[in-house]
Structures are given as structure tokens and as C-alpha cells.
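Participant: Below is a structure I'd like to ask you about.
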Amino acid sequence: MERGILAAFKALPSVRRVALALAASGLTVALPSAGHGTFGTALFSVTAIANGAIQSSIGVASVAVQAAGTYVVTFNRPVNASCRFQSTVVGVNPGYSTTWFKAGSATALVVRTFSKTGVLASQAFTLVVTCGP
């Protein structure tokens with residue numbers, strides 16, 4: 001059984017482990033609660049199941065299903081041109097996803113998930129967003 005710092009590190013959610021590793025490497029990191037832009041890099045993440053229910057998240061206010069395979073992810077803080085994002089379909093069903101800024105919203109992104117044949121399909125996904133200078 002692992003003990004001490006290593007056990008505590010492995011118990012953290014994966015995005016917090018990344019933030020901790022970046023901080024240990026000497027890069028400036030601030031989690032979403034500290035804002036982004038002026039304060040360094042902000043990390044946001046969500047893992048949602050096919051019905052939009054959030055399994056885990058950092059800095060995410062909600063995930064709303066708009067239609068089959070189309071989700072609106074709303075964050076606790078603005079996401080803007082300084083932000084980069086990556087979404088991935090997860091689970092046993094192969095597929096892919098696309099992500100873009102939601103028109104008319106400063107705090108939301110749209111995620112679409114597709115089956116391996118390119119048909120819109122409700123699938124579990126992860127989304128990681130990094131914002132910074």
C-alpha cells in the first residue's frame with residue numbers, strides 16, 4: 001500500500017495532478033478559482049456521460065444536452081481566445097468529438113460527439129480547457 005505524498009498525489013483528480021506537476025516544474029499555474037489571463041494558466045475539465053450528467057469536473061457549472069450528440073458545457077468563468085480545448089469520446093463505443101465556442105456566450109463551449117461512422121450520437125466525453133496569456 002502506498003503512503004504519504006505519492007498516495008495523496010494519486011488520489012487527486014487528473015487535472016489537479018497535471019496542475020501540480022506543472023507547478024512543480026516551475027511553470028505558473030492557477031486553477032479556475034484564481035481566474036486566468038493575468039494570473040497565469042487556468043485549467044478547466046469535465047467528464048460527462050451520454051445523458052449530460054457530470055461525473056467529475058473542475059470549473060464547470062453545467063452540461064446541457066441540446067440534441068442527440070450535442071452538448072453545451074458552461075463554465076464558472078469566461079472562456080475566450082486565450083483558451084485552447086480538447087474533447088475526446090470515452091467509453092466502450094468508439095467515436096470522435098468536435099468542440100467550438102458557443103455563439104453569443106462568453107462562458108460556454110459546444111461539444112458534439114459522433115459514432116465511428118460519423119453520425120451524431122450521444123456519447124460520454126471528456127473536455128479539457130486551458131486558458132492563459
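By convention in this document, the chains of the C-alpha cells carry letters A, B, ... by their order, each chain's residues are numbered from 1, and ligands are numbered from 1 in the order they are shown.
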Using only C-alpha atoms, which protein or nucleic acid residues come within 6 Å of range 109-124 of chain A? Drop anything in the same chain fewer than 6 positions from it, and give the result as a PyMOL selection string.

Facilitator: chain A and resi 48-50+68-73+89-90+94-102

Participant: What lies within 7 Å of Ser82 in chain A using only C-alpha atoms, ignoring chain neighbours under 5 positions off, as a short mmCIF file (atom, residue, chain, number, x, y, z; two decimals) with N, CA and C atoms, in the first residue's frame?

Facilitator:
```cif
data_model
loop_
_atom_site.label_atom_id
_atom_site.label_comp_id
_atom_site.auth_asym_id
_atom_site.auth_seq_id
_atom_site.Cartn_x
_atom_site.Cartn_y
_atom_site.Cartn_z
N CYS A 131 -6.53 27.98 -20.31
CA CYS A 131 -6.59 29.39 -20.68
C CYS A 131 -5.39 30.09 -20.07
N GLY A 132 -4.84 31.01 -20.79
CA GLY A 132 -3.71 31.74 -20.24
C GLY A 132 -3.18 32.79 -21.18
N PRO A 133 -2.13 33.39 -20.76
CA PRO A 133 -1.57 34.50 -21.54
C PRO A 133 -1.01 34.05 -22.87
#
```

Participant: So how many Å separate CA of Thr41 in chain A and CA of Thr130 in chain A, to one decimal?

Facilitator: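 According to the coordinates, CA of Thr41 in chain A and CA of Thr130 in chain A are separated by 6.6 Å.
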
Participant: Take CA of Val92 in chain A and CA of Thr74 in chain A and report the distance between them in Å, one decimal.

Facilitator: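 We find that CA of Val92 in chain A and CA of Thr74 in chain A lie 25.7 Å from each other.
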
Participant: Using CA of Ala64 in chain A and CA of Leu43 in chain A as the two end points, give the distance in Å to one decimal.

Facilitator: 20.4 Å

Participant: Considering only C-alpha atoms, can you say which of A:Ser105, A:Phe44, A:Gly91, A:Val129 comes closest to Ser56 in chain A?

Facilitator: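 The closest residue to Ser56 in chain A is A:Phe44.
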